[in-house]
$ cat upload_29.txt   # compact mmCIF, C-alpha atoms and all ligand atoms
# COMPACT_ATOMS: atom_id res chain seq x y z
CA MET R 1 12.09 -16.24 35.38
CA THR R 2 8.70 -17.88 35.08
CA LEU R 3 5.94 -16.74 32.93
CA ARG R 4 4.11 -15.49 36.00
CA ASP R 5 6.98 -13.33 37.23
CA PRO R 6 6.43 -9.70 36.74
CA ASP R 7 8.70 -8.17 34.17
CA PRO R 8 11.82 -7.29 36.16
CA ALA R 9 12.78 -4.46 33.94
CA PRO R 10 10.90 -1.23 34.30
CA ALA R 11 8.74 -0.66 31.32
CA THR R 12 9.89 2.06 29.08
CA LEU R 13 7.20 4.10 27.53
CA ALA R 14 6.90 3.50 23.86
CA SER R 15 8.09 6.34 21.76
CA PRO R 16 5.41 8.23 19.98
CA ARG R 17 4.41 6.52 16.75
CA SER R 18 5.86 9.34 14.68
CA ALA R 19 9.21 9.02 16.42
CA ARG R 20 9.26 5.24 16.19
CA TYR R 21 8.73 5.33 12.46
CA ASN R 22 10.82 8.37 11.71
CA LEU R 23 13.55 6.60 9.82
CA GLY R 24 14.96 9.71 8.26
CA VAL R 25 15.36 10.46 4.61
CA HIS R 26 18.08 9.63 2.17
CA PRO R 27 19.24 11.62 -0.81
CA ILE R 28 19.08 9.76 -4.08
CA SER R 29 20.12 10.68 -7.58
CA VAL R 30 18.43 8.82 -10.41
CA THR R 31 18.59 9.25 -14.16
CA LEU R 32 14.90 9.09 -14.83
CA ASN R 33 13.87 8.82 -18.47
CA GLY R 34 17.11 10.50 -19.44
CA ARG R 35 16.94 13.34 -16.91
CA ARG R 36 18.86 13.43 -13.69
CA VAL R 37 16.58 13.69 -10.69
CA ASP R 38 17.89 14.46 -7.20
CA HIS R 39 15.46 13.77 -4.41
CA THR R 40 15.22 12.68 -0.79
CA VAL R 41 13.19 9.61 0.11
CA GLU R 42 12.33 7.58 3.15
CA PRO R 43 14.16 4.26 3.05
CA ARG R 44 10.88 2.33 3.00
CA LEU R 45 9.52 4.16 -0.06
CA LEU R 46 8.91 1.72 -2.89
CA LEU R 47 10.33 2.58 -6.27
CA SER R 48 6.79 2.30 -7.71
CA ASP R 49 5.50 4.88 -5.22
CA PHE R 50 8.46 7.15 -5.86
CA LEU R 51 7.73 7.04 -9.59
CA ARG R 52 3.99 7.55 -9.27
CA HIS R 53 3.72 9.94 -6.35
CA ASP R 54 7.01 11.83 -6.19
CA ALA R 55 7.94 11.90 -9.87
CA CYS R 56 4.29 11.98 -11.05
CA LEU R 57 4.97 9.29 -13.66
CA THR R 58 1.64 7.54 -13.30
CA GLY R 59 2.14 5.36 -16.37
CA THR R 60 3.74 2.82 -14.06
CA HIS R 61 0.77 0.93 -12.65
CA VAL R 62 0.49 -0.89 -9.36
CA GLY R 63 -1.69 -3.98 -9.21
CA CYS R 64 -0.69 -6.60 -6.69
CA GLU R 65 2.29 -4.96 -4.92
CA HIS R 66 3.62 -8.49 -4.50
CA GLY R 67 5.67 -9.00 -7.63
CA VAL R 68 3.02 -11.16 -9.26
CA CYS R 69 1.16 -9.13 -11.88
CA GLY R 70 4.00 -7.31 -13.63
CA ALA R 71 2.01 -4.08 -14.01
CA CYS R 72 4.72 -2.06 -12.26
CA THR R 73 7.59 -3.21 -14.50
CA VAL R 74 10.18 -0.57 -15.36
CA LEU R 75 13.75 -0.71 -16.59
CA VAL R 76 16.60 -0.23 -14.12
CA ASP R 77 19.93 -0.01 -15.90
CA GLY R 78 18.28 -1.61 -18.90
CA GLU R 79 16.83 -4.62 -17.06
CA ALA R 80 13.14 -5.16 -16.49
CA VAL R 81 12.36 -5.05 -12.77
CA ARG R 82 9.21 -4.93 -10.67
CA SER R 83 9.22 -1.52 -9.10
CA CYS R 84 6.91 -2.72 -6.30
CA LEU R 85 9.66 -5.06 -5.11
CA MET R 86 12.39 -2.47 -4.97
CA PHE R 87 12.96 0.49 -2.71
CA ALA R 88 13.62 3.87 -4.25
CA VAL R 89 16.93 4.09 -2.36
CA GLN R 90 18.09 0.99 -4.22
CA ALA R 91 17.77 2.91 -7.47
CA ASP R 92 20.25 5.53 -6.29
CA GLY R 93 22.80 6.06 -9.06
CA CYS R 94 20.79 3.99 -11.55
CA ARG R 95 19.16 4.69 -14.89
CA VAL R 96 15.42 4.18 -14.59
CA GLU R 97 13.10 4.13 -17.58
CA THR R 98 9.33 4.11 -17.41
CA VAL R 99 6.68 3.75 -20.09
CA GLU R 100 6.70 7.54 -20.46
CA SER R 101 10.12 7.24 -22.09
CA LEU R 102 8.82 5.26 -25.06
CA ALA R 103 7.10 7.85 -27.22
CA GLY R 104 9.39 10.51 -28.61
CA GLU R 105 9.17 13.50 -30.89
CA ASP R 106 8.78 11.09 -33.83
CA GLY R 107 5.63 9.66 -32.30
CA LEU R 108 4.90 6.35 -30.68
CA HIS R 109 7.47 3.62 -30.19
CA PRO R 110 6.99 0.76 -32.71
CA LEU R 111 5.78 -1.46 -29.86
CA GLN R 112 3.12 1.06 -28.91
CA THR R 113 2.04 1.41 -32.55
CA ALA R 114 1.84 -2.37 -32.90
CA PHE R 115 -0.26 -2.68 -29.74
CA HIS R 116 -2.58 0.01 -31.05
CA GLU R 117 -2.93 -1.55 -34.50
CA ALA R 118 -3.35 -5.13 -33.25
CA HIS R 119 -5.93 -4.16 -30.61
CA ALA R 120 -3.59 -5.57 -27.99
CA LEU R 121 -5.14 -3.70 -25.09
CA GLN R 122 -8.54 -2.94 -23.69
CA CYS R 123 -8.39 -1.25 -20.28
CA GLY R 124 -4.63 -0.78 -20.66
CA PHE R 125 -3.84 -1.41 -17.01
CA CYS R 126 -1.30 -4.12 -17.77
CA THR R 127 0.08 -2.46 -20.90
CA PRO R 128 2.89 -0.29 -19.46
CA GLY R 129 4.35 -3.27 -17.62
CA ILE R 130 4.05 -5.47 -20.69
CA LEU R 131 5.74 -2.89 -22.91
CA MET R 132 8.63 -2.43 -20.47
CA THR R 133 9.02 -6.20 -20.15
CA LEU R 134 9.18 -6.54 -23.92
CA LEU R 135 11.82 -3.87 -24.54
CA PRO R 136 14.82 -5.80 -23.20
CA PHE R 137 13.30 -9.06 -24.45
CA LEU R 138 13.18 -7.82 -28.06
CA ARG R 139 16.61 -6.26 -27.73
CA GLU R 140 18.02 -9.67 -26.85
CA ASN R 141 15.71 -11.64 -29.12
CA PRO R 142 14.74 -9.52 -32.14
CA ALA R 143 12.93 -12.33 -33.99
CA PRO R 144 11.10 -14.28 -31.29
CA SER R 145 8.84 -17.25 -31.87
CA GLU R 146 5.31 -17.27 -30.50
CA ASP R 147 6.39 -19.62 -27.71
CA GLU R 148 9.24 -17.31 -26.75
CA ILE R 149 6.89 -14.31 -26.66
CA ARG R 150 4.43 -16.19 -24.48
CA GLU R 151 7.19 -17.23 -22.13
CA ALA R 152 8.52 -13.66 -21.94
CA LEU R 153 5.03 -12.49 -21.00
CA SER R 154 4.38 -15.24 -18.49
CA GLY R 155 5.01 -12.84 -15.59
CA ASN R 156 2.60 -10.19 -16.85
CA LEU R 157 -1.06 -10.68 -16.11
CA CYS R 158 -3.67 -9.29 -18.46
CA ARG R 159 -7.22 -9.76 -17.32
CA CYS R 160 -9.19 -8.38 -20.23
CA THR R 161 -7.48 -8.47 -23.61
CA GLY R 162 -6.38 -12.06 -23.91
CA TYR R 163 -2.91 -12.85 -25.10
CA ALA R 164 -3.55 -13.65 -28.78
CA ASN R 165 -3.60 -10.00 -29.86
CA ILE R 166 -0.69 -9.16 -27.60
CA VAL R 167 1.43 -11.88 -29.19
CA SER R 168 0.42 -10.63 -32.66
CA ALA R 169 1.45 -7.11 -31.69
CA VAL R 170 4.85 -8.25 -30.47
CA THR R 171 5.42 -10.24 -33.68
CA ALA R 172 4.46 -7.20 -35.76
CA ALA R 173 6.68 -4.87 -33.74
CA ALA R 174 9.64 -7.23 -34.07
CA ALA R 175 9.11 -7.41 -37.86
CA HIS R 176 8.84 -3.63 -38.05
CA VAL R 177 12.06 -3.09 -36.12
CA ALA R 178 13.87 -5.71 -38.22
CA LYS R 179 12.68 -4.06 -41.46
CA ALA R 180 13.70 -0.59 -40.24
CA SER R 181 17.13 -1.82 -39.29
CA ARG R 182 17.55 -3.55 -42.71
CA GLU R 183 16.54 -0.33 -44.47
CA SER R 184 18.89 1.78 -42.40
CA ARG R 185 21.75 -0.63 -43.22
CA THR R 186 20.87 -0.35 -46.94
CA THR R 187 20.78 3.45 -46.73
CA LEU R 188 24.14 3.51 -44.98
CA ALA R 189 25.62 1.15 -47.59
CA THR R 190 24.35 3.14 -50.60
CA SER R 191 25.27 6.53 -49.14
CA GLY R 192 28.82 5.41 -48.33
S1 LIG R 201 2.31 -4.32 -8.74
FE1 LIG R 201 4.34 -4.99 -8.94
S2 LIG R 201 4.17 -6.99 -9.72
FE2 LIG R 201 2.12 -6.39 -9.37
S1 LIG R 202 -5.66 -4.66 -21.14
FE1 LIG R 202 -6.86 -4.77 -19.34
S2 LIG R 202 -5.64 -5.95 -17.99
FE2 LIG R 202 -4.58 -6.03 -19.86

$ encode --input "upload_29.txt" --output "structure tokens"
Amino acid sequence: MTLRDPDPAPATLASPRSARYNLGVHPISVTLNGRRVDHTVEPRLLLSDFLRHDACLTGTHVGCEHGVCGACTVLVDGEAVRSCLMFAVQADGCRVETVESLAGEDGLHPLQTAFHEAHALQCGFCTPGILMTLLPFLRENPAPSEDEIREALSGNLCRCTGYANIVSAVTAAAAHVAKASRESRTTLATSG
């Protein structure tokens, strides 16, 4: 067949747009901030959009949608992931935690308190992603150096605060958590 030959096959009419893109829905079951959520989603729905639009957890921010800025970071089974790079169906059966899970009945999480006290945010757009990035980091590295903190935050872009106060906040939060855990060990030892 040459390029000038007419197409030998009869043209089939394209399906209507709605039919072409009707990919169906899939049931998913996610433990979201400690609560089981059953839902149906289109396979192309991003986890970030599921969280913000379906679950109304708008603390997860979306900046670049390309995995660059880190604003959309959440925890999936305890690991920090970019929710703009993951489909909601991929979270089926997983434990997902967003920034809304941090504050409890006792008040703010020590990281949130430290950010507040160290003036580690201005507009706050990057903050949820930074906090969720830091949670597993501090769990694995409870007494980080400044260089380690800066490296941990290298995938989170903040356009307005500057990183000096953020690093100070992380150092303060780590010290607070270490002190609290020392005190709780002392209390356990003296009460035993
Ligand atoms: S919105 Fe996901 S990394 Fe920027
Ligand atoms: S506080 Fe504004 S982008 Fe980080």

$ closest_residue --input "upload_29.txt" --among "R:Gly155, R:Pro128, R:Gly24, R:Pro43" --to "ligand LIG 201 (chain R)" --atoms "all atoms listed in the file"
R:Gly155

$ closest_residue --input "upload_29.txt" --among "R:Thr133, R:Phe87, R:Leu111, R:Arg159" --to "Ala174 (chain R)" --atoms "all atoms listed in the file"
R:Leu111

$ closest_atom_pairs --input "upload_29.txt" --of "chain R" --to "ligand LIG 201 (chain R)" --cutoff "7 Å" --atoms "all atoms listed in the file" --output "CSV"
residue,atom,partner,partner_atom,distance
R:His61,CA,R:LIG201,S1,6.7
R:Val62,CA,R:LIG201,S1,3.9
R:Gly63,CA,R:LIG201,S1,4.0
R:Cys64,CA,R:LIG201,FE2,3.9
R:Glu65,CA,R:LIG201,S1,3.9
R:His66,CA,R:LIG201,S2,5.5
R:Gly67,CA,R:LIG201,S2,3.3
R:Val68,CA,R:LIG201,S2,4.4
R:Cys69,CA,R:LIG201,FE2,3.8
R:Gly70,CA,R:LIG201,S2,3.9
R:Ala71,CA,R:LIG201,FE2,5.2
R:Cys72,CA,R:LIG201,FE1,4.4
R:Thr73,CA,R:LIG201,FE1,6.7
R:Arg82,CA,R:LIG201,FE1,5.2
R:Ser83,CA,R:LIG201,FE1,6.0
R:Cys84,CA,R:LIG201,FE1,4.3
R:Leu85,CA,R:LIG201,FE1,6.6

$ residues_near_ligand --input "upload_29.txt" --ligand "ligand LIG 202 (chain R)" --cutoff "10 Å" --atoms "all atoms listed in the file" --output "PyMOL selection string"
chain R and resi 63+69+71+119-130+156-163+166

$ closest_residue --input "upload_29.txt" --among "R:Leu51, R:Ala118, R:Ala88, R:Ile149" --to "His26 (chain R)" --atoms "only C-alpha atoms"
R:Ala88

$ residues_around --input "upload_29.txt" --residues "Val41 (chain R)" --least-positions-apart "2" --cutoff "12 Å" --atoms "all atoms listed in the file" --output "short mmCIF file (atom, residue, chain, number, x, y, z; two decimals) with C-alpha atoms, in the coordinates of the input"
data_model
loop_
_atom_site.label_atom_id
_atom_site.label_comp_id
_atom_site.auth_asym_id
_atom_site.auth_seq_id
_atom_site.Cartn_x
_atom_site.Cartn_y
_atom_site.Cartn_z
CA ASN R 22 10.82 8.37 11.71
CA LEU R 23 13.55 6.60 9.82
CA GLY R 24 14.96 9.71 8.26
CA VAL R 25 15.36 10.46 4.61
CA HIS R 26 18.08 9.63 2.17
CA PRO R 27 19.24 11.62 -0.81
CA ILE R 28 19.08 9.76 -4.08
CA SER R 29 20.12 10.68 -7.58
CA VAL R 30 18.43 8.82 -10.41
CA ASP R 38 17.89 14.46 -7.20
CA HIS R 39 15.46 13.77 -4.41
CA PRO R 43 14.16 4.26 3.05
CA ARG R 44 10.88 2.33 3.00
CA LEU R 45 9.52 4.16 -0.06
CA LEU R 46 8.91 1.72 -2.89
CA LEU R 47 10.33 2.58 -6.27
CA ASP R 49 5.50 4.88 -5.22
CA PHE R 50 8.46 7.15 -5.86
CA LEU R 51 7.73 7.04 -9.59
CA HIS R 53 3.72 9.94 -6.35
CA ASP R 54 7.01 11.83 -6.19
CA ALA R 55 7.94 11.90 -9.87
CA PHE R 87 12.96 0.49 -2.71
CA ALA R 88 13.62 3.87 -4.25
CA VAL R 89 16.93 4.09 -2.36
CA GLN R 90 18.09 0.99 -4.22
CA ALA R 91 17.77 2.91 -7.47
CA ASP R 92 20.25 5.53 -6.29
#

$ residues_around --input "upload_29.txt" --residues "Asp147 (chain R)" --least-positions-apart "3" --cutoff "12 Å" --atoms "all atoms listed in the file" --output "list in words"
Ala143, Pro144, Arg150, Glu151, Ala152, Leu153, Ser154, Tyr163, Ala164, Val167, Ser168, Val170 and Thr171 of chain R

$ residues_around --input "upload_29.txt" --residues "Gly34 (chain R)" --least-positions-apart "2" --cutoff "8 Å" --atoms "all atoms listed in the file" --output "PyMOL selection string"
chain R and resi 31-32+36+95+97

$ atom_distance --input "upload_29.txt" --atom1 "CA of Pro110 (chain R)" --atom2 "CA of Val177 (chain R)"
7.2 Å

$ decode --input "upload_29.txt" --residues "region 33-75 of chain R" --atoms "N, CA and C atoms" --output "PDB file, in the first residue's frame"
ATOM      1  N   ASN R  33      -6.662   7.786  57.148  1.00  0.00           N
ATOM      2  CA  ASN R  33      -6.512   8.427  58.466  1.00  0.00           C
ATOM      3  C   ASN R  33      -7.198   7.606  59.562  1.00  0.00           C
ATOM      4  N   GLY R  34      -7.005   6.303  59.467  1.00  0.00           N
ATOM      5  CA  GLY R  34      -7.505   5.408  60.502  1.00  0.00           C
ATOM      6  C   GLY R  34      -8.924   4.919  60.306  1.00  0.00           C
ATOM      7  N   ARG R  35      -9.609   5.438  59.299  1.00  0.00           N
ATOM      8  CA  ARG R  35     -10.998   4.993  59.049  1.00  0.00           C
ATOM      9  C   ARG R  35     -11.080   4.284  57.716  1.00  0.00           C
ATOM     10  N   ARG R  36     -11.793   3.171  57.710  1.00  0.00           N
ATOM     11  CA  ARG R  36     -11.934   2.463  56.444  1.00  0.00           C
ATOM     12  C   ARG R  36     -12.904   3.221  55.530  1.00  0.00           C
ATOM     13  N   VAL R  37     -12.491   3.394  54.308  1.00  0.00           N
ATOM     14  CA  VAL R  37     -13.324   4.087  53.331  1.00  0.00           C
ATOM     15  C   VAL R  37     -13.497   3.166  52.126  1.00  0.00           C
ATOM     16  N   ASP R  38     -14.740   2.859  51.797  1.00  0.00           N
ATOM     17  CA  ASP R  38     -15.043   2.081  50.590  1.00  0.00           C
ATOM     18  C   ASP R  38     -15.587   3.049  49.546  1.00  0.00           C
ATOM     19  N   HIS R  39     -15.090   2.933  48.342  1.00  0.00           N
ATOM     20  CA  HIS R  39     -15.482   3.914  47.332  1.00  0.00           C
ATOM     21  C   HIS R  39     -15.310   3.278  45.958  1.00  0.00           C
ATOM     22  N   THR R  40     -15.900   3.893  44.942  1.00  0.00           N
ATOM     23  CA  THR R  40     -15.616   3.452  43.578  1.00  0.00           C
ATOM     24  C   THR R  40     -14.956   4.610  42.842  1.00  0.00           C
ATOM     25  N   VAL R  41     -13.934   4.285  42.072  1.00  0.00           N
ATOM     26  CA  VAL R  41     -13.183   5.339  41.371  1.00  0.00           C
ATOM     27  C   VAL R  41     -12.918   4.913  39.937  1.00  0.00           C
ATOM     28  N   GLU R  42     -12.782   5.908  39.074  1.00  0.00           N
ATOM     29  CA  GLU R  42     -12.304   5.624  37.725  1.00  0.00           C
ATOM     30  C   GLU R  42     -10.820   5.260  37.817  1.00  0.00           C
ATOM     31  N   PRO R  43     -10.376   4.372  36.958  1.00  0.00           N
ATOM     32  CA  PRO R  43      -8.974   3.940  37.069  1.00  0.00           C
ATOM     33  C   PRO R  43      -7.972   5.062  36.856  1.00  0.00           C
ATOM     34  N   ARG R  44      -8.388   6.126  36.161  1.00  0.00           N
ATOM     35  CA  ARG R  44      -7.433   7.208  35.889  1.00  0.00           C
ATOM     36  C   ARG R  44      -7.413   8.268  36.998  1.00  0.00           C
ATOM     37  N   LEU R  45      -8.258   8.085  38.023  1.00  0.00           N
ATOM     38  CA  LEU R  45      -8.313   9.115  39.074  1.00  0.00           C
ATOM     39  C   LEU R  45      -7.025   9.093  39.902  1.00  0.00           C
ATOM     40  N   LEU R  46      -6.388  10.252  39.985  1.00  0.00           N
ATOM     41  CA  LEU R  46      -5.168  10.338  40.788  1.00  0.00           C
ATOM     42  C   LEU R  46      -5.508  10.234  42.267  1.00  0.00           C
ATOM     43  N   LEU R  47      -4.564   9.696  43.023  1.00  0.00           N
ATOM     44  CA  LEU R  47      -4.792   9.609  44.469  1.00  0.00           C
ATOM     45  C   LEU R  47      -4.998  11.013  45.052  1.00  0.00           C
ATOM     46  N   SER R  48      -4.239  11.992  44.557  1.00  0.00           N
ATOM     47  CA  SER R  48      -4.387  13.368  45.065  1.00  0.00           C
ATOM     48  C   SER R  48      -5.807  13.888  44.822  1.00  0.00           C
ATOM     49  N   ASP R  49      -6.369  13.593  43.661  1.00  0.00           N
ATOM     50  CA  ASP R  49      -7.728  14.063  43.367  1.00  0.00           C
ATOM     51  C   ASP R  49      -8.761  13.293  44.191  1.00  0.00           C
ATOM     52  N   PHE R  50      -8.509  12.012  44.382  1.00  0.00           N
ATOM     53  CA  PHE R  50      -9.403  11.233  45.242  1.00  0.00           C
ATOM     54  C   PHE R  50      -9.432  11.845  46.650  1.00  0.00           C
ATOM     55  N   LEU R  51      -8.257  12.168  47.168  1.00  0.00           N
ATOM     56  CA  LEU R  51      -8.188  12.708  48.533  1.00  0.00           C
ATOM     57  C   LEU R  51      -8.877  14.067  48.609  1.00  0.00           C
ATOM     58  N   ARG R  52      -8.586  14.921  47.649  1.00  0.00           N
ATOM     59  CA  ARG R  52      -9.107  16.289  47.725  1.00  0.00           C
ATOM     60  C   ARG R  52     -10.581  16.374  47.351  1.00  0.00           C
ATOM     61  N   HIS R  53     -10.966  15.688  46.270  1.00  0.00           N
ATOM     62  CA  HIS R  53     -12.313  15.903  45.747  1.00  0.00           C
ATOM     63  C   HIS R  53     -13.322  14.872  46.239  1.00  0.00           C
ATOM     64  N   ASP R  54     -12.897  13.624  46.377  1.00  0.00           N
ATOM     65  CA  ASP R  54     -13.847  12.597  46.818  1.00  0.00           C
ATOM     66  C   ASP R  54     -13.893  12.510  48.337  1.00  0.00           C
ATOM     67  N   ALA R  55     -12.699  12.558  48.964  1.00  0.00           N
ATOM     68  CA  ALA R  55     -12.669  12.426  50.421  1.00  0.00           C
ATOM     69  C   ALA R  55     -12.696  13.783  51.121  1.00  0.00           C
ATOM     70  N   CYS R  56     -12.650  14.873  50.337  1.00  0.00           N
ATOM     71  CA  CYS R  56     -12.706  16.238  50.875  1.00  0.00           C
ATOM     72  C   CYS R  56     -11.582  16.523  51.879  1.00  0.00           C
ATOM     73  N   LEU R  57     -10.440  15.900  51.687  1.00  0.00           N
ATOM     74  CA  LEU R  57      -9.278  16.165  52.538  1.00  0.00           C
ATOM     75  C   LEU R  57      -8.369  17.131  51.782  1.00  0.00           C
ATOM     76  N   THR R  58      -8.708  18.399  51.870  1.00  0.00           N
ATOM     77  CA  THR R  58      -8.035  19.396  51.032  1.00  0.00           C
ATOM     78  C   THR R  58      -6.702  19.863  51.618  1.00  0.00           C
ATOM     79  N   GLY R  59      -6.296  19.271  52.726  1.00  0.00           N
ATOM     80  CA  GLY R  59      -4.963  19.588  53.259  1.00  0.00           C
ATOM     81  C   GLY R  59      -3.870  19.102  52.343  1.00  0.00           C
ATOM     82  N   THR R  60      -4.135  18.079  51.563  1.00  0.00           N
ATOM     83  CA  THR R  60      -3.153  17.618  50.569  1.00  0.00           C
ATOM     84  C   THR R  60      -3.196  18.586  49.392  1.00  0.00           C
ATOM     85  N   HIS R  61      -2.095  19.271  49.156  1.00  0.00           N
ATOM     86  CA  HIS R  61      -2.080  20.290  48.108  1.00  0.00           C
ATOM     87  C   HIS R  61      -1.499  19.739  46.808  1.00  0.00           C
ATOM     88  N   VAL R  62      -1.913  20.354  45.730  1.00  0.00           N
ATOM     89  CA  VAL R  62      -1.422  19.949  44.410  1.00  0.00           C
ATOM     90  C   VAL R  62      -0.768  21.157  43.765  1.00  0.00           C
ATOM     91  N   GLY R  63       0.531  21.040  43.492  1.00  0.00           N
ATOM     92  CA  GLY R  63       1.258  22.139  42.868  1.00  0.00           C
ATOM     93  C   GLY R  63       1.569  21.838  41.428  1.00  0.00           C
ATOM     94  N   CYS R  64       2.525  20.942  41.207  1.00  0.00           N
ATOM     95  CA  CYS R  64       3.028  20.717  39.846  1.00  0.00           C
ATOM     96  C   CYS R  64       2.313  19.582  39.115  1.00  0.00           C
ATOM     97  N   GLU R  65       1.766  18.628  39.860  1.00  0.00           N
ATOM     98  CA  GLU R  65       1.188  17.400  39.287  1.00  0.00           C
ATOM     99  C   GLU R  65       2.201  16.628  38.452  1.00  0.00           C
ATOM    100  N   HIS R  66       3.464  16.830  38.723  1.00  0.00           N
ATOM    101  CA  HIS R  66       4.503  16.111  37.984  1.00  0.00           C
ATOM    102  C   HIS R  66       5.525  15.453  38.903  1.00  0.00           C
ATOM    103  N   GLY R  67       5.230  15.392  40.168  1.00  0.00           N
ATOM    104  CA  GLY R  67       6.163  14.746  41.089  1.00  0.00           C
ATOM    105  C   GLY R  67       7.367  15.582  41.441  1.00  0.00           C
ATOM    106  N   VAL R  68       7.293  16.880  41.201  1.00  0.00           N
ATOM    107  CA  VAL R  68       8.474  17.719  41.417  1.00  0.00           C
ATOM    108  C   VAL R  68       8.420  18.487  42.738  1.00  0.00           C
ATOM    109  N   CYS R  69       7.259  19.047  43.071  1.00  0.00           N
ATOM    110  CA  CYS R  69       7.221  20.018  44.170  1.00  0.00           C
ATOM    111  C   CYS R  69       7.040  19.392  45.554  1.00  0.00           C
ATOM    112  N   GLY R  70       6.481  18.205  45.621  1.00  0.00           N
ATOM    113  CA  GLY R  70       6.308  17.539  46.912  1.00  0.00           C
ATOM    114  C   GLY R  70       5.098  17.994  47.705  1.00  0.00           C
ATOM    115  N   ALA R  71       4.322  18.947  47.188  1.00  0.00           N
ATOM    116  CA  ALA R  71       3.195  19.482  47.959  1.00  0.00           C
ATOM    117  C   ALA R  71       2.131  18.424  48.250  1.00  0.00           C
ATOM    118  N   CYS R  72       2.053  17.413  47.390  1.00  0.00           N
ATOM    119  CA  CYS R  72       0.982  16.420  47.487  1.00  0.00           C
ATOM    120  C   CYS R  72       1.388  15.189  48.308  1.00  0.00           C
ATOM    121  N   THR R  73       2.508  15.277  49.013  1.00  0.00           N
ATOM    122  CA  THR R  73       3.030  14.090  49.703  1.00  0.00           C
ATOM    123  C   THR R  73       2.093  13.606  50.809  1.00  0.00           C
ATOM    124  N   VAL R  74       1.827  12.318  50.787  1.00  0.00           N
ATOM    125  CA  VAL R  74       1.041  11.658  51.843  1.00  0.00           C
ATOM    126  C   VAL R  74       1.774  10.362  52.198  1.00  0.00           C
ATOM    127  N   LEU R  75       1.296   9.704  53.227  1.00  0.00           N
ATOM    128  CA  LEU R  75       1.886   8.413  53.577  1.00  0.00           C
ATOM    129  C   LEU R  75       1.004   7.296  53.055  1.00  0.00           C
TER     130      LEU R  75
END
